[in-house]
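These notes concern the structure reproduced below.
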Amino acid sequence: MTESLQGARVVIGSIGDDIHVVGITILGHALRNAGAEVIQLGIQTPVEEFVATAVAEDADAVFVSSSNGHAAIFCDGVRGLMAAAGADDVLLYVGGNLANTAAADWSEVEARFLAMGFDRAYPSRTQPAQAISDLVADLAQRRSASNG
Amino acid sequence: MTESLQGARVVIGSIGDDIHVVGITILGHALRNAGAEVIQLGIQTPVEEFVATAVAEDADAVFVSSSNGHAAIFCDGVRGLMAAAGADDVLLYVGGNLANTAAADWSEVEARFLAMGFDRAYPSRTQPAQAISDLVADLAQRRSASNG
Amino acid sequence: MADNVTNERLTDDAFHAQRETIFREQLGRAPYDLDEALAFSLENAKRGTVAAVLQKAKATGVAAVVPRAGVASWEGQRALMQMLDEAGAAYLPITIDSLTRELQFAEAERRLASSTTEVSALNGYPIVAHGIEANRRLIQSFDKPVIVRANAVDLRITAETGLASGGTAFVSGPMYATLEYSKNTPLSEGISKWQYIFRLMGIYSEAGVPMADDAVGFSQSGTCSVPALMHVGVILDALIMASQGVKHIMLYSMLQGNIAQDVASCLAVEQLATEYLHKLGLDDVSTYVASSDWNGAFPERRPDAYGLIAANVFAAAIARAPLNYVKTIDEGIGVPTAESNADSIRVTRYLMNLIGRQAHAWRTPEIEFELHLNLIQARAILDAIIDLGDGDPVVGSIKGIGTGILDIPFSPNIHVKGNVLPIRDASGAVRFLDHGALPIPAEALEMERERLSHRSADPSALGYQDVVDDLQFLELDTFDPATGTEVKA
Amino acid sequence: MADNVTNERLTDDAFHAQRETIFREQLGRAPYDLDEALAFSLENAKRGTVAAVLQKAKATGVAAVVPRAGVASWEGQRALMQMLDEAGAAYLPITIDSLTRELQFAEAERRLASSTTEVSALNGYPIVAHGIEANRRLIQSFDKPVIVRANAVDLRITAETGLASGGTAFVSGPMYATLEYSKNTPLSEGISKWQYIFRLMGIYSEAGVPMADDAVGFSQSGTCSVPALMHVGVILDALIMASQGVKHIMLYSMLQGNIAQDVASCLAVEQLATEYLHKLGLDDVSTYVASSDWNGAFPERRPDAYGLIAANVFAAAIARAPLNYVKTIDEGIGVPTAESNADSIRVTRYLMNLIGRQAHAWRTPEIEFELHLNLIQARAILDAIIDLGDGDPVVGSIKGIGTGILDIPFSPNIHVKGNVLPIRDASGAVRFLDHGALPIPAEALEMERERLSHRSADPSALGYQDVVDDLQFLELDTFDPATGTEVKA
Ligand code: B12
Ligand code: B12
């Protein structure tokens with residue numbers, strides 16, 4: 001079991017009106033196994049609760065999950081509210097099922113969410129290991145950037 | 001049981017290297033039920049045998065069947081040989097599975113076989129009733145044309 | 001109110017008082033004219049009802065196949081339903097978007113405005129935003145009856161709107177809506193809100209429009225689950241519905257890939273419903289087993305999805321379920337195209353027909369084994385709950401959530417203990433890895449233990465990671481391209 | 001020669017004399033250098049053989065899934081095989097065009113010249129026109145072994161070419177080729193031509209290249225047929241193969257949609273092969289049941305075709321057949337696209353995996369019923385044939401065709417009596433409507449009559465038109481769009 005996220009604090013939940021719980025359950029479990037401190041907000045988490053928790057818990061990263069096709073409706077304001085709360089340095093990842101039709105092209109969807117201010121956006125079926133290794137890398141880079 | 005083909009003489013068989021027997025078996029049976037005199041040549045019938053039989057049996061129509069994808073290879077010469085044998089007034093129908101790929105467009109395939117001199121060309125899954133009623137109509141028209 | 005919820009039927013006064021309140025609070029208006037709605041509905045029902053379709057399916061043995069589908073715009077929804085109609089849906093679905101379900105009517109209206117026939121900004125049809133008049137035009141443009149599909153804790157306005165618009169069936173109940181779909185709501189609150197909806201359906205029924213409802217229970221958790229436990233939720237939902245006057249109930253049975261267990265699940269849920277409705281003196285209710293295609297993570301590739309749907313249809317056909325809710329071959333990817341909806345209905349119908357003819361040959365000893373197991377587990381839990389409520393299943397359920405004799409796996413609801421974990425055995429049948437405080441009889445535990453021993457010589461060595469792995473069991477991607485064979489797990 | 005054909009092994013002299021003749025007559029050249037071909041083949045076989053793939057499948061219980069496919073051009077065939085490889089074919093097919101099969105080598109060469117990678121003017125790969133060198137390059141460009149697929153009375157040059165090119169398996173035998181595929185050829189002639197091919201395979205095998213052959217028998221008539229009768233052909237083919245030295249035989253079992261009967265068919269053909277090979281002292285032969293997807297008229301719509309393939313895979317998985325020849329979802333339309341070939345393999349693998357895990361639960365009494373029926377019918381016919389030949393199955397078959405104790409339905413061959421007619425019972429299982437002069441035991445006739453009585457109270461009222469209707473049984477297009485249900489036939 002890799003302990004590479006030792007010390008990292010990650011807030012996680014499904015956003016808005018989304019009730020999909022399986023993905024965030026597994027992901028939370030995997031992050032915890034990788035050594036992270038996981039603050040699990042569960043389903044239907046309002047944007048404001050993500051932001052308030054990130055600030056209160058001094059999070060390194062927020063993992064926003066949206067599966068029900070309403071990602072575009074709820075994810076738009078996250079980065080702005082984080083900035084307003086003075087927490088602009090928190091990493092924002094988003095995943096789940098971000099499009100809302102089987103016909104959508106992933107690269108377009110990804111571009112859309114990156115433009116909203118997310119640091120990374122993931123297609124459905126992303127394995128937790130992928131997100132974990134990205135987070136390890138991003139945190140390491142932050143650390144070296146702030147040291148340098 | 002309709003007897004609308006009473007007196008009509010129909011030669012039928014699978015052409016060339018084709019071994020598909022089910023379609024011609026059913027079709028032959030249906031033609032017979034409709035009152036026609038059926039001369040069943042069976043599978044792998046050479047073009048020459050169609051022509052010779054049509055002449056010898058004084059046929060009103062020849063039903064050429066081809067299912068194995070080689071229709072275009074064998075059907076090309078039928079009309080010419082019929083004409084050469086002085087049997088130009090015999091109706092020529094062709095059916096079975098005339099294309100040789102699932103991607104083929106039927107109207108193109110049909111045009112191709114009509115251009116070869118067939119009076120009618122049928123897509124796969126044609127019900128015998130369809131061919132029978134066409135034959136009834138074509139024979140009636142011939143009769144009135146030769147009367148008129 | 002939520003504190004002393006029981007299974008008693010809502011009085012007319014209580015119903016109408018509540019009606020005034022919700023319309024005022026949620027829509028800022030007076031309630032719809034109920035008499036007008038009933039009169040319209042009665043007229044409309046002459047063209048057919050979901051209940052009548054199901055009665056016929058049960059009588060003839062030819063299953064009704066029904067998809068789920070909803071998009072934002074009226075034209076888009078019309079086109080979608082027309083395509084489903086042509087593809088052979090036995091009745092037509094209008095699935096409601098989740099903003100409407102969460103009472104965000106204004107936001108749903110805004111998103112509707114930004115949707116086009118081609119592009120839907122919502123994951124369903126915002127039935128309140130469209131309004132009754134437009135909904136009626138939609139529903140009356142089809143010959144087949146319509147089911148309004150939604151799930152959430154508080155669907156009172158949605159149900160009022162759907163029924164007044166001409167829908168003759170609705171979906172869900174408090175067990176599903178509260179325990180599988182809500183984070184904070186206590187069960188008592190969910191039950192009381194749903195009792196309103198069931199009473200409303202009762203009123204329509206008494207006026208001559210036989211309304212039907214899908215009792216979903218714990219059958220759509222999105223994960224695998226022991227069938228008996230899913231049935232507990234279905235039966236509790238059904239008892240609550242019937243007590244408020246619903247006369248036609250579709251009993252969900254989610255299919256999970258092990259065919260013997262799936263067949264048994266369909267047979268068991270019908271038997272249990274009959275038993276427990278009778279126990280509570282609710283005998284004048286018609287029930288219909290609704291086999292429901294696997295509801296968890298679907299394979300991404302279409303041929304695999306076809307395979308999974310085929311396995312589900314086998315079970316449904318052998319069990320002779322009169323109703324099948326079909327998923328689509330695009331389920332693993334995103335909201336299905338019209339074409340894949342039609343294809344999914346067709347493959348289902350084809351196999352229902354082919355396998356239906358030979359169903360009698362497949363009532364195997366394995367099915368009897370699963371059926372027995374299923375029944376003794378479900379009865380033990382249901383009896384304990386009803387006892388806990390001194391004969392009242394509502395009181396018993398609410399108490400049971402607290403003590404854990406009512407408990408489910410992977411619930412997003414904070415009031416649920418969540419000590420139960422499901423696991424697949426070597427054949428893919430679902431067993432308890434941990435049954436928490438559920439009162440499972442020793443005989444059943446022994447039967448399950450024996451089956452699990454074929455997966456692992458030491459079943460107690462199976463753990464949470466195996467549960468997690470099992471969530472993706474039906475994606476079954478074990479193909480080794482080099483050898484061209486599946487590598488057995 | 002054809003007059004006194006027996007089941008004796010061809011002598012080396014007879015073989016080589018025949019070899020000289022056919023090469024001279026059919027190709028106008030001397031035979032290929034056999035020593036060179038054997039040396040090449042031995043080297044090539046180190047990379048794998050069809051026999052080895054099948055041995056592994058039988059040992060591990062993970063079935064090999066294999067499609068059929070051929071197009072005219074080298075590049076087209078390369079691309080097709082590559083796609084099948086990636087899709088997970090366990091070994092790769094090269095299906096030969098029917099001009100080559102009918103010895104029209106020059107015409108096949110002309111049509112090859114007019115074919116492109118995209119458009120094939122032939123219904124298969126003209127293996128003789130391409131020549132050994134090009135074929136070897138094709139075969140060696142893949143890691144997986146190759147089967148050369150063709151069927152006709154005289155495939156001696158095709159087999160010589162295919163084997164010398166590196167193929168390690170071949171298809172068919174005299175029963176299929178003569179009685180199902182030829183109009184005028186007497187069985188004696190078909191047998192003697194195929195004995196040459198089997199002896200050739202024997203020579204390769206003795207040189208260390210274990211050649212495998214599909215015993216097709218009467219299992220690919222394109223119509224439904226009573227399984228026992230199909231097996232009679234398979235067993236006769238297998239006995240003839242084994243007598244000439246073939247050591248690995250794939251036993252065809254065509255799946256027809258009734259799952260219990262299909263499972264029994266797979267089990268029966270293996271049991272019969274073992275029995276009769278032993279009876280003739282041919283014990284050192286390995287057999288592999290090759291379940292073969294329905295080979296008659298396929299549904300036109302893809303979702304239906306998926307459904308039919310799924311039903312077939314269910315049977316194959318329950319029977320644990322080590323090999324499945326898969327049809328494609330385009331079968332009912334025309335020569336499949338690469339993509340639909342891949343999709344068809346995938347759905348097959350998905351279900352083999354899912355159902356394979358639960359196969360043990362489905363050995364039902366119905367399967368035992370069908371198995372018993374199948375075995376007593378097949379043994380009665382086979383014993384009568386072998387008796388008629390005084391212990392020689394070849395002599396017996398040739399005589400049997402004349403007397404009608406060997407007879408099949410819908411044969412295009414003029415020497416076949418054609419008095420036998422198959423019909424489906426109410427469950428879709430195939431029975432005899434008329435068994436002609438086949439020596440079917442009374443017990444079996446009674447079992448069949450009882451089953452047919454569920455279709456028609458008076459089975460004797462069933463007639464030729466019912467047979468004809470049954471030919472399209474698996475197209476099953478009984479959908480009533482107005483009600484959205486299947487209308488039962
Ligand atoms: C199970 C399920 C349900 C269950 C959920 C039960 C529950 N409480 O969780 C039920 C039946 C209740 C349900 C309801 C609905 N569902 Co749903 N559901 C699914 C289904 C079948 C599987 C989801 C799942 O559990 N996957 C397994 C988990 C492990 O995978 P995952 O969620 O993708 O998570 C993994 C990764 O993506 C990653 N990940 C997830 N989030 C994040 C975030 C970050 C930052 C990172 C790094 C990674 C990450 O981590 C996980 C690791 O394995 C999918 C289709 C499918 N995939 O097969 C549809 C699906 C997601 N649902 C869908 C819809 C539309 C709905 C409904 C709106 C349906 C409706 N109209 O009634 C409602 C939602 C209502 C609401 N208010 O939200 C659509 C979404 C459409 C879209 N986005 O394009 C899907 C795709 C189905 C479809 N094809 O239409 N659903
Ligand atoms: C059964 C079958 C076989 C059996 C045939 C057994 C037999 N002795 O008949 C076997 C397995 C032996 C076989 C072999 C081959 N087959 Co085949 N076969 C089929 C199959 C599955 C069904 C055909 C059938 O019986 N249909 C039922 C009958 C009732 O329908 P029908 O033949 O279409 O006939 C009806 C109408 O079309 C009409 N009709 C027919 N002819 C005519 C003529 C006229 C004038 C009229 C008016 C009407 C008419 O009347 C009938 C009324 O119901 C089809 C695919 C399918 N349709 O599902 C492939 C198919 C026809 N076969 C095909 C091929 C390629 C072959 C082979 C070349 C395969 C190979 N490469 O090994 C060989 C042929 C070798 C040769 N020398 O000819 C292809 C043809 C491709 C194309 N044309 O595009 C098909 C479409 C399969 C596919 N998808 O690839 N086949």
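Starting from 1 in every chain, residues are counted up; chains themselves are A, B, ... following the order of the structure tokens, and ligands are numbered from 1 as listed.
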Expected answer as number ranges by chain: chain C residues within 7 Å of chain D, only C-alpha atoms:
C: 62, 64, 86, 88-90, 303-304, 306-307, 310, 343, 346-347, 350-351, 353, 357-358, 361, 364, 366, 426-427, 481, 483-486
Next, the residues of the selection above should be written as a CSV table (one decimal), in the first residue's frame with C-alpha atoms.
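result_14.csv was written with the following content:
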```csv
chain,number,residue,atom,x,y,z
C,62,VAL,CA,-46.1,-11.5,-23.1
C,64,ALA,CA,-44.2,-5.3,-21.4
C,86,GLU,CA,-42.1,2.9,-32.6
C,88,GLY,CA,-42.1,-1.1,-29.1
C,89,ALA,CA,-42.1,0.4,-25.5
C,90,ALA,CA,-45.3,-1.0,-24.0
C,303,PRO,CA,-21.3,-5.6,-27.4
C,304,ASP,CA,-20.7,-6.2,-23.7
C,306,TYR,CA,-25.7,-6.3,-25.2
C,307,GLY,CA,-24.4,-9.4,-23.4
C,310,ALA,CA,-29.2,-10.6,-22.7
C,343,ASP,CA,-32.0,-1.3,-30.2
C,346,ARG,CA,-35.5,-4.8,-29.7
C,347,VAL,CA,-32.9,-7.2,-28.3
C,350,TYR,CA,-36.3,-10.8,-29.3
C,351,LEU,CA,-35.0,-12.8,-26.4
C,353,ASN,CA,-39.9,-14.1,-27.2
C,357,ARG,CA,-41.1,-20.3,-25.2
C,358,GLN,CA,-38.8,-22.5,-23.3
C,361,ALA,CA,-37.7,-26.1,-18.9
C,364,THR,CA,-34.0,-25.7,-11.8
C,366,GLU,CA,-30.6,-24.0,-8.1
C,426,ALA,CA,-17.8,-17.7,-7.4
C,427,SER,CA,-20.9,-17.9,-9.6
C,481,PRO,CA,-5.7,-9.9,-26.5
C,483,THR,CA,-4.2,-15.2,-26.5
C,484,GLY,CA,-7.7,-14.1,-27.5
C,485,THR,CA,-9.2,-15.6,-24.4
C,486,GLU,CA,-10.7,-14.4,-21.1
```
Quick one: which chain B residues come within 7 Å of chain D, and what is the nearest atom pair for each with the distance in Å to one decimal, counting only C-alpha atoms, rows ordered by chain and ascending number, as a Markdown table?
```
| residue | atom | partner | partner_atom | distance |
| --- | --- | --- | --- | --- |
| B:Asp17 | CA | D:Ser98 | CA | 6.5 |
| B:Ile19 | CA | D:Tyr181 | CA | 5.7 |
| B:Val21 | CA | D:Pro412 | CA | 6.1 |
| B:Ile26 | CA | D:Val468 | CA | 6.9 |
| B:Gly42 | CA | D:Pro412 | CA | 6.5 |
| B:Ile43 | CA | D:Lys183 | CA | 6.2 |
| B:Gly69 | CA | D:Asn123 | CA | 5.9 |
| B:His70 | CA | D:Leu122 | CA | 6.7 |
| B:Asn100 | CA | D:Val335 | CA | 6.3 |
| B:Thr101 | CA | D:Val335 | CA | 4.6 |
| B:Ala102 | CA | D:Gly334 | CA | 3.9 |
```
Against ligand 2, which residues of chain B fall within 6 Å? For each one I want the closest pair of atoms and the distance in Å (one decimal), counting only C-alpha atoms and all ligand atoms, rows by chain and increasing residue number, as CSV.
```
residue,atom,partner,partner_atom_place_in_ligand_line,distance
B:Asp17,CA,ligand 2,77 (N),5.0
B:Asp18,CA,ligand 2,78 (O),3.4
B:Ile19,CA,ligand 2,78 (O),4.1
B:His20,CA,ligand 2,9 (O),3.4
B:Val21,CA,ligand 2,9 (O),3.8
B:Val22,CA,ligand 2,25 (O),4.6
B:Gly23,CA,ligand 2,34 (O),3.4
B:Ile24,CA,ligand 2,41 (N),5.7
B:Ile26,CA,ligand 2,52 (C),5.9
B:Leu27,CA,ligand 2,50 (O),5.1
B:Phe63,CA,ligand 2,45 (C),4.0
B:Val64,CA,ligand 2,45 (C),4.9
B:Ser65,CA,ligand 2,43 (C),4.0
B:Ser67,CA,ligand 2,61 (C),4.7
B:Asn68,CA,ligand 2,80 (C),4.1
B:Gly69,CA,ligand 2,83 (N),3.4
B:Tyr93,CA,ligand 2,45 (C),4.3
B:Val94,CA,ligand 2,45 (C),3.7
B:Gly95,CA,ligand 2,43 (C),3.4
B:Gly96,CA,ligand 2,41 (N),3.6
B:Asn97,CA,ligand 2,83 (N),4.4
B:Leu98,CA,ligand 2,83 (N),5.4
B:Ala99,CA,ligand 2,84 (O),4.9
B:Asn100,CA,ligand 2,84 (O),3.2
B:Thr101,CA,ligand 2,84 (O),4.4
B:Tyr122,CA,ligand 2,47 (C),5.9
B:Ser124,CA,ligand 2,37 (O),4.0
B:Arg125,CA,ligand 2,37 (O),4.3
B:Thr126,CA,ligand 2,36 (C),4.4
B:Gln127,CA,ligand 2,52 (C),4.9
B:Pro128,CA,ligand 2,52 (C),5.1
B:Ala131,CA,ligand 2,47 (C),4.8
```
When DSSP is applied to the backbone of this structure, which of chain A are assigned strand (DSSP E or B)? Write them out as a ChimeraX atom specification.
/A:9-15,37-45,61-66,91-96,120-121
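Interatomic distance, atom CA of Ala378 of chain C against atom CA of Leu229 of chain C: 6.3 Å.
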